[in-house]
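Below is the file coords-v9.tsv, which contains TSV, C-alpha atoms.
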chain	number	residue	atom	x	y	z
N	1	MET	CA	24.22	5.46	13.66
N	2	SER	CA	23.10	6.79	10.31
N	3	LEU	CA	19.47	6.21	9.28
N	4	GLN	CA	17.64	6.77	6.01
N	5	ILE	CA	14.21	8.20	6.84
N	6	LEU	CA	11.42	8.14	4.27
N	7	TYR	CA	8.10	9.99	4.43
N	8	PHE	CA	5.00	9.27	2.37
N	9	ALA	CA	1.65	10.93	1.57
N	10	TRP	CA	0.63	13.74	3.97
N	11	VAL	CA	3.53	12.95	6.29
N	12	ARG	CA	5.87	13.79	3.40
N	13	GLU	CA	3.94	16.99	2.69
N	14	ARG	CA	4.07	18.15	6.32
N	15	VAL	CA	7.77	17.33	6.75
N	16	GLY	CA	8.50	18.93	3.37
N	17	ALA	CA	10.85	16.15	2.23
N	18	ALA	CA	10.51	12.64	0.81
N	19	ARG	CA	13.69	11.35	2.45
N	20	GLU	CA	16.65	12.39	4.53
N	21	THR	CA	19.62	10.88	6.31
N	22	VAL	CA	19.91	11.48	10.05
N	23	THR	CA	22.57	10.60	12.57
N	24	THR	CA	20.97	9.49	15.81
N	25	GLU	CA	21.48	7.33	18.87
N	26	ALA	CA	17.73	6.96	19.45
N	27	PRO	CA	17.11	3.43	20.79
N	28	THR	CA	13.53	3.14	19.53
N	29	VAL	CA	11.22	4.55	16.86
N	30	ALA	CA	9.39	6.56	19.53
N	31	ALA	CA	12.69	8.11	20.70
N	32	LEU	CA	13.57	8.98	17.10
N	33	VAL	CA	10.17	10.67	16.66
N	34	ALA	CA	10.76	12.68	19.87
N	35	GLU	CA	14.16	13.83	18.53
N	36	LEU	CA	12.64	14.93	15.22
N	37	VAL	CA	9.73	16.73	16.88
N	38	ALA	CA	12.15	18.67	19.10
N	39	ARG	CA	14.14	19.69	16.04
N	40	ASP	CA	11.54	21.59	14.00
N	41	ASP	CA	7.84	22.53	13.84
N	42	ARG	CA	7.46	20.68	10.56
N	43	TYR	CA	8.03	17.40	12.38
N	44	ALA	CA	5.77	18.44	15.23
N	45	ALA	CA	3.00	18.93	12.63
N	46	ALA	CA	3.71	15.58	10.96
N	47	PHE	CA	3.93	13.59	14.20
N	48	ALA	CA	1.19	15.40	16.18
N	49	ASP	CA	-0.81	12.16	16.42
N	50	THR	CA	1.32	9.05	16.07
N	51	ALA	CA	-1.79	6.87	16.54
N	52	ALA	CA	-2.73	8.07	13.02
N	53	LEU	CA	0.64	6.96	11.62
N	54	ARG	CA	2.34	3.74	10.62
N	55	VAL	CA	6.04	2.93	10.62
N	56	ALA	CA	8.10	0.44	8.63
N	57	LEU	CA	11.63	-0.66	9.53
N	58	ASP	CA	13.68	-1.90	6.58
N	59	GLN	CA	10.40	-2.20	4.64
N	60	GLU	CA	8.54	-4.30	7.24
N	61	LEU	CA	5.65	-2.86	9.28
N	62	ALA	CA	6.67	-2.31	12.91
N	63	ASP	CA	5.54	-0.62	16.13
N	64	PHE	CA	6.64	2.74	17.50
N	65	SER	CA	8.11	0.87	20.49
N	66	ALA	CA	10.40	-1.19	18.20
N	67	PRO	CA	14.18	-0.93	18.68
N	68	LEU	CA	16.29	0.68	15.94
N	69	ASP	CA	19.26	-1.66	16.47
N	70	GLY	CA	20.69	-2.62	13.08
N	71	VAL	CA	17.93	-0.80	11.19
N	72	ARG	CA	18.97	1.14	8.08
N	73	GLU	CA	15.69	2.48	6.68
N	74	VAL	CA	12.75	3.92	8.62
N	75	ALA	CA	9.56	4.98	6.83
N	76	PHE	CA	6.65	6.97	8.26
N	77	PHE	CA	3.26	7.12	6.57
N	78	PRO	CA	-0.52	7.29	7.15
N	79	PRO	CA	-2.63	4.12	7.11
N	80	MET	CA	-2.45	2.59	3.65
N	81	THR	CA	-5.21	3.00	1.06
N	82	GLY	CA	-4.42	0.64	-1.79
N	83	GLY	CA	-6.74	-1.43	-3.94
R	1	MET	CA	2.81	-15.91	-9.22
R	2	ALA	CA	3.38	-12.52	-10.78
R	3	VAL	CA	3.39	-9.12	-9.07
R	4	ARG	CA	3.61	-5.94	-11.13
R	5	VAL	CA	3.69	-2.39	-9.77
R	6	GLN	CA	3.59	0.01	-12.68
R	7	ALA	CA	2.61	3.48	-13.88
R	8	GLU	CA	1.55	2.20	-17.32
R	9	PRO	CA	-2.04	1.20	-18.13
R	10	PHE	CA	-2.84	-2.48	-18.49
R	11	ASP	CA	-5.32	-4.26	-20.75
R	12	ILE	CA	-7.83	-6.16	-18.58
R	13	GLY	CA	-8.85	-8.48	-21.41
R	14	ALA	CA	-5.30	-9.28	-22.48
R	15	GLU	CA	-4.19	-9.86	-18.88
R	16	THR	CA	-7.17	-12.10	-18.15
R	17	GLY	CA	-6.62	-14.01	-21.39
R	18	ALA	CA	-2.95	-14.56	-20.74
R	19	PHE	CA	-3.65	-15.66	-17.16
R	20	ALA	CA	-6.59	-17.97	-17.91
R	21	THR	CA	-5.58	-19.54	-21.20
R	22	GLY	CA	-3.77	-22.82	-21.61
R	23	ARG	CA	-4.36	-24.22	-18.14
R	24	THR	CA	-5.56	-27.77	-17.77
R	25	ASP	CA	-5.26	-28.00	-13.98
R	26	ALA	CA	-7.42	-25.01	-12.96
R	27	GLY	CA	-11.19	-25.42	-12.88
R	28	ALA	CA	-11.69	-21.82	-11.78
R	29	VAL	CA	-10.19	-18.45	-12.63
R	30	VAL	CA	-11.44	-15.36	-10.79
R	31	THR	CA	-10.43	-11.81	-11.67
R	32	PHE	CA	-11.14	-8.53	-9.95
R	33	THR	CA	-10.43	-5.07	-11.36
R	34	GLY	CA	-10.39	-1.87	-9.30
R	35	VAL	CA	-11.40	1.30	-11.15
R	36	VAL	CA	-10.94	4.98	-10.24
R	37	ARG	CA	-14.36	6.12	-9.04
R	38	ASP	CA	-15.61	9.70	-8.90
R	39	THR	CA	-17.30	9.48	-5.50
R	40	ARG	CA	-18.39	13.11	-5.01
R	41	GLY	CA	-18.43	14.47	-8.55
R	42	GLY	CA	-15.76	16.68	-10.07
R	43	LEU	CA	-12.83	14.32	-9.61
R	44	GLN	CA	-10.06	15.34	-12.00
R	45	ARG	CA	-7.64	12.59	-11.10
R	46	MET	CA	-6.53	10.19	-8.41
R	47	GLU	CA	-2.84	10.36	-7.55
R	48	ILE	CA	-1.42	7.12	-6.22
R	49	GLU	CA	1.82	7.18	-4.28
R	50	HIS	CA	3.68	4.05	-3.19
R	51	TYR	CA	6.81	2.88	-1.42
R	52	PRO	CA	9.06	1.35	-4.10
R	53	GLY	CA	10.69	-1.80	-2.79
R	54	MET	CA	8.34	-2.34	0.14
R	55	THR	CA	5.32	-2.39	-2.19
R	56	GLU	CA	6.61	-5.34	-4.19
R	57	ARG	CA	7.74	-7.20	-1.04
R	58	ALA	CA	4.43	-6.65	0.76
R	59	ILE	CA	2.34	-7.77	-2.22
R	60	ALA	CA	4.55	-10.82	-2.83
R	61	ALA	CA	4.13	-11.84	0.84
R	62	ILE	CA	0.33	-11.41	0.66
R	63	ALA	CA	0.18	-13.38	-2.60
R	64	ALA	CA	2.36	-16.16	-1.19
R	65	GLU	CA	0.02	-16.47	1.78
R	66	ALA	CA	-3.03	-16.64	-0.52
R	67	ILE	CA	-1.38	-19.38	-2.60
R	68	ALA	CA	-0.57	-21.40	0.51
R	69	ARG	CA	-3.97	-20.98	2.20
R	70	TRP	CA	-6.16	-21.78	-0.81
R	71	ASN	CA	-3.78	-24.06	-2.65
R	72	LEU	CA	-3.83	-21.76	-5.66
R	73	ILE	CA	-2.38	-22.90	-8.93
R	74	ASP	CA	-1.40	-19.33	-9.76
R	75	CYS	CA	-2.11	-15.72	-8.90
R	76	LEU	CA	-1.49	-12.33	-10.49
R	77	VAL	CA	-1.48	-8.87	-8.90
R	78	ILE	CA	-1.10	-5.66	-10.92
R	79	HIS	CA	-1.24	-2.28	-9.14
R	80	ARG	CA	-0.65	1.09	-10.76
R	81	TYR	CA	0.72	4.31	-9.32
R	82	GLY	CA	0.86	7.91	-10.51
R	83	PRO	CA	-1.98	10.17	-11.72
R	84	LEU	CA	-5.09	8.28	-12.94
R	85	PRO	CA	-8.29	9.82	-14.36
R	86	PRO	CA	-11.79	8.58	-13.34
R	87	GLY	CA	-12.74	5.35	-15.06
R	88	GLU	CA	-9.17	4.16	-15.37
R	89	PRO	CA	-8.31	0.68	-14.01
R	90	ILE	CA	-6.09	1.03	-10.89
R	91	MET	CA	-5.36	-2.59	-10.17
R	92	MET	CA	-6.35	-6.17	-10.79
R	93	VAL	CA	-5.97	-9.53	-9.12
R	94	ALA	CA	-6.46	-12.93	-10.72
R	95	THR	CA	-6.52	-16.29	-8.99
R	96	ALA	CA	-6.52	-19.79	-10.45
R	97	ALA	CA	-7.59	-22.77	-8.38
R	98	ALA	CA	-9.03	-26.24	-8.83
R	99	HIS	CA	-12.46	-25.05	-7.65
R	100	ARG	CA	-14.29	-21.70	-7.57
R	101	ALA	CA	-14.69	-21.43	-3.78
R	102	GLU	CA	-10.93	-21.26	-3.34
R	103	ALA	CA	-10.45	-18.88	-6.28
R	104	PHE	CA	-13.14	-16.45	-4.99
R	105	ALA	CA	-11.96	-16.56	-1.36
R	106	ALA	CA	-8.33	-16.01	-2.31
R	107	ALA	CA	-9.26	-13.05	-4.53
R	108	GLU	CA	-11.22	-11.44	-1.68
R	109	PHE	CA	-8.39	-12.07	0.76
R	110	LEU	CA	-5.92	-10.48	-1.67
R	111	MET	CA	-8.17	-7.43	-2.07
R	112	ASP	CA	-8.69	-6.97	1.67
R	113	TYR	CA	-4.96	-7.17	2.35
R	114	LEU	CA	-3.91	-5.00	-0.60
R	115	LYS	CA	-6.26	-2.28	0.61
R	116	SER	CA	-4.81	-1.99	4.10
R	117	ARG	CA	-1.37	-3.65	4.08
R	118	ALA	CA	0.27	-2.72	0.79
R	119	PRO	CA	1.97	0.70	0.96
R	120	PHE	CA	-0.17	2.76	-1.39
R	121	TRP	CA	-1.80	6.12	-0.67
R	122	LYS	CA	-4.50	7.81	-2.75
R	123	LYS	CA	-5.05	11.51	-3.17
R	124	GLU	CA	-8.20	12.86	-4.84
R	125	VAL	CA	-7.68	15.99	-6.92
R	126	THR	CA	-10.76	18.09	-7.78
R	127	ALA	CA	-11.23	21.62	-9.15
R	128	THR	CA	-11.54	22.92	-5.58
R	129	GLY	CA	-8.55	21.20	-4.02
R	130	GLU	CA	-6.93	17.94	-3.09
R	131	ASP	CA	-7.51	15.45	-0.29
R	132	TRP	CA	-5.72	12.32	0.86
R	133	VAL	CA	-8.18	9.43	0.99
R	134	ALA	CA	-8.51	8.34	4.63
R	135	ALA	CA	-8.31	4.68	5.56
R	136	ARG	CA	-11.73	3.34	6.55
R	137	ASP	CA	-12.44	1.38	9.72
R	138	GLU	CA	-14.44	-1.11	7.63
R	139	ASP	CA	-11.34	-1.91	5.60
R	140	GLU	CA	-9.35	-2.67	8.73
R	141	ALA	CA	-12.25	-4.70	10.12
R	142	ALA	CA	-12.41	-6.70	6.88
R	143	LEU	CA	-8.99	-8.19	7.67
R	144	ARG	CA	-10.28	-9.82	10.83
R	145	ARG	CA	-12.43	-12.33	8.98
R	146	TRP	CA	-9.28	-13.98	7.62

Encoded form using structure tokens:
Amino acid sequence: MSLQILYFAWVRERVGAARETVTTEAPTVAALVAELVARDDRYAAAFADTAALRVALDQELADFSAPLDGVREVAFFPPMTGG
Amino acid sequence: MAVRVQAEPFDIGAETGAFATGRTDAGAVVTFTGVVRDTRGGLQRMEIEHYPGMTERAIAAIAAEAIARWNLIDCLVIHRYGPLPPGEPIMMVATAAAHRAEAFAAAEFLMDYLKSRAPFWKKEVTATGEDWVAARDEDEAALRRW
């Protein structure tokens, strides 16, 4: 499947891109992260501590254990600091 | 209910006036404005990044919940993004309800949820460098009271 991946804030800076399209068969967010980390050091730096990260699937907050079935857009970012 | 996510400045007085004027059913209107604060001295600007699409959806969901829980007559959320100098308004919420207790509580609820559940990130830029503002445990804890 083809996924749009978006990165925000320091995750974007460490990955060095705001968005990209990846082809993957990863069943879960955690499996997708493992694939990315194995691909390049930039991802290893961004995903060094996933407890410090949040993920959204199709613009809804989700868990790293969530399945990617039918998902089109995955976003990774640090805890939000609005207001 | 109105939700606006914008780079442009907004006029607090004009927004409050437009929101509060001409209502006969609301006994209480509460507004809150968030302002860029120079916490350590030497702040040149705050850069606010957001997630277009999700931001509007997340705020609309939070506002809808506030309306339902406190039986609000109306609510308004404005949140800016982009580079903002110290002293500049970042965001505002306004709530209208029959009585003040509901209007105050809903405004606080909106603020607590916007801080930790709306996809915004702040970066402080000073003469010596730049730092992403870290989320605070107190902000996460504040959600539990609701």

Q) From the list N:Val55, N:Ala38, N:Val15, N:Val29, which residue is nearest Pro67 of chain N when using all atoms listed in the file? A) N:Val29

Leaving out Pro83 of chain R and any residue of its chain fewer than 5 positions from it, which residues lie within 9 Å of it when counting only C-alpha atoms, given as a PDB file with C-alpha atoms, in the coordinates of the input?
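Output file out39.pdb follows:
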ATOM      1  CA  ALA R   7       2.610   3.480 -13.880  1.00  0.00           C
ATOM      2  CA  ARG R  45      -7.640  12.590 -11.100  1.00  0.00           C
ATOM      3  CA  MET R  46      -6.530  10.190  -8.410  1.00  0.00           C
ATOM      4  CA  GLU R  47      -2.840  10.360  -7.550  1.00  0.00           C
ATOM      5  CA  ILE R  48      -1.420   7.120  -6.220  1.00  0.00           C
ATOM      6  CA  GLU R  49       1.820   7.180  -4.280  1.00  0.00           C
TER       7      GLU R  49
END

Neighbours of Trp10 of chain N within 8 Å (all atoms listed in the file; same-chain residues fewer than 3 positions away dropped), as a compact mmCIF listing (two decimals) with C-alpha atoms, keeping the file's coordinate frame?
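File result-v5.txt, as written:
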# COMPACT_ATOMS: atom_id res chain seq x y z
CA GLU N 13 3.94 16.99 2.69
CA ARG N 14 4.07 18.15 6.32
CA ALA N 46 3.71 15.58 10.96
CA PHE N 77 3.26 7.12 6.57
CA PRO N 78 -0.52 7.29 7.15
CA TRP R 132 -5.72 12.32 0.86

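Distance check against chain R using only C-alpha atoms: of N:Asp69, N:Asp40, N:Asp58, N:Glu35, the minimum falls on N:Asp58.
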
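Atom to atom, atom CA of Asp25 of chain R and atom CA of Asp74 of chain R stand 10.4 Å apart.
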
(Q) Please compute the atom CA of Val3 of chain R-atom CA of Tyr7 of chain N distance, one decimal, in Å. (A) 23.9 Å

Tell me, counting only C-alpha atoms, for each residue of chain N within 10 Å of chain R, which pair of atoms is nearest and how far apart they are in Å to one decimal, in rows ordered by chain and increasing number, as JSON lines.
{"residue": "N:Leu6", "atom": "CA", "partner": "R:Tyr51", "partner_atom": "CA", "distance": 9.0}
{"residue": "N:Tyr7", "atom": "CA", "partner": "R:Tyr51", "partner_atom": "CA", "distance": 9.3}
{"residue": "N:Phe8", "atom": "CA", "partner": "R:Tyr51", "partner_atom": "CA", "distance": 7.6}
{"residue": "N:Ala9", "atom": "CA", "partner": "R:Trp121", "partner_atom": "CA", "distance": 6.3}
{"residue": "N:Trp10", "atom": "CA", "partner": "R:Trp132", "partner_atom": "CA", "distance": 7.2}
{"residue": "N:Ala52", "atom": "CA", "partner": "R:Ala135", "partner_atom": "CA", "distance": 9.9}
{"residue": "N:Ala56", "atom": "CA", "partner": "R:Met54", "partner_atom": "CA", "distance": 8.9}
{"residue": "N:Asp58", "atom": "CA", "partner": "R:Met54", "partner_atom": "CA", "distance": 8.4}
{"residue": "N:Gln59", "atom": "CA", "partner": "R:Met54", "partner_atom": "CA", "distance": 5.0}
{"residue": "N:Glu60", "atom": "CA", "partner": "R:Met54", "partner_atom": "CA", "distance": 7.4}
{"residue": "N:Leu61", "atom": "CA", "partner": "R:Arg117", "partner_atom": "CA", "distance": 8.8}
{"residue": "N:Ala75", "atom": "CA", "partner": "R:Tyr51", "partner_atom": "CA", "distance": 8.9}
{"residue": "N:Phe77", "atom": "CA", "partner": "R:Pro119", "partner_atom": "CA", "distance": 8.6}
{"residue": "N:Pro78", "atom": "CA", "partner": "R:Trp121", "partner_atom": "CA", "distance": 8.0}
{"residue": "N:Pro79", "atom": "CA", "partner": "R:Ala135", "partner_atom": "CA", "distance": 5.9}
{"residue": "N:Met80", "atom": "CA", "partner": "R:Ser116", "partner_atom": "CA", "distance": 5.2}
{"residue": "N:Thr81", "atom": "CA", "partner": "R:Trp121", "partner_atom": "CA", "distance": 4.9}
{"residue": "N:Gly82", "atom": "CA", "partner": "R:Lys115", "partner_atom": "CA", "distance": 4.2}
{"residue": "N:Gly83", "atom": "CA", "partner": "R:Lys115", "partner_atom": "CA", "distance": 4.7}

**Q.** Neighbour residues at most 8 Å from (17.2, 8.1, 16.1) (only C-alpha atoms) as a list in words
**A.**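 Final list of nearby residues, as requested, is Met1, Leu3, Val22, Thr23, Thr24, Glu25, Ala26, Pro27, Thr28, Val29, Ala31, Leu32, Val33, Glu35 and Leu68 of chain N.
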
Q.
Can you measure atom CA of Asp38 of chain R to atom CA of Pro85 of chain R for me? One decimal in Å is fine.
A. 9.1 Å

Q. Which residue gives the smallest distance to Gly82 of chain R among R:Val5, R:Ala103, R:Ala18, R:Ala98, with all atoms listed in the file counted?
A. R:Val5

Q: Pick out the closest residue to Val71 of chain N from this set: N:Ser2, N:Tyr43, N:Gly16, N:Thr21. Count all atoms listed in the file.
A: N:Ser2

**Q.** Residue nearest Met1 of chain R among R:Ala68, R:Ala96, R:Val125, R:Leu76 (counting all atoms listed in the file)
**A.** R:Leu76

Q | Counting all atoms listed in the file, the option among R:Ala127, R:Val29, R:Ala142, R:Ala2 closest to Ile62 of chain R | A |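 Looking only at the distances to Ile62 of chain R, the closest residue turns out to be R:Ala2.
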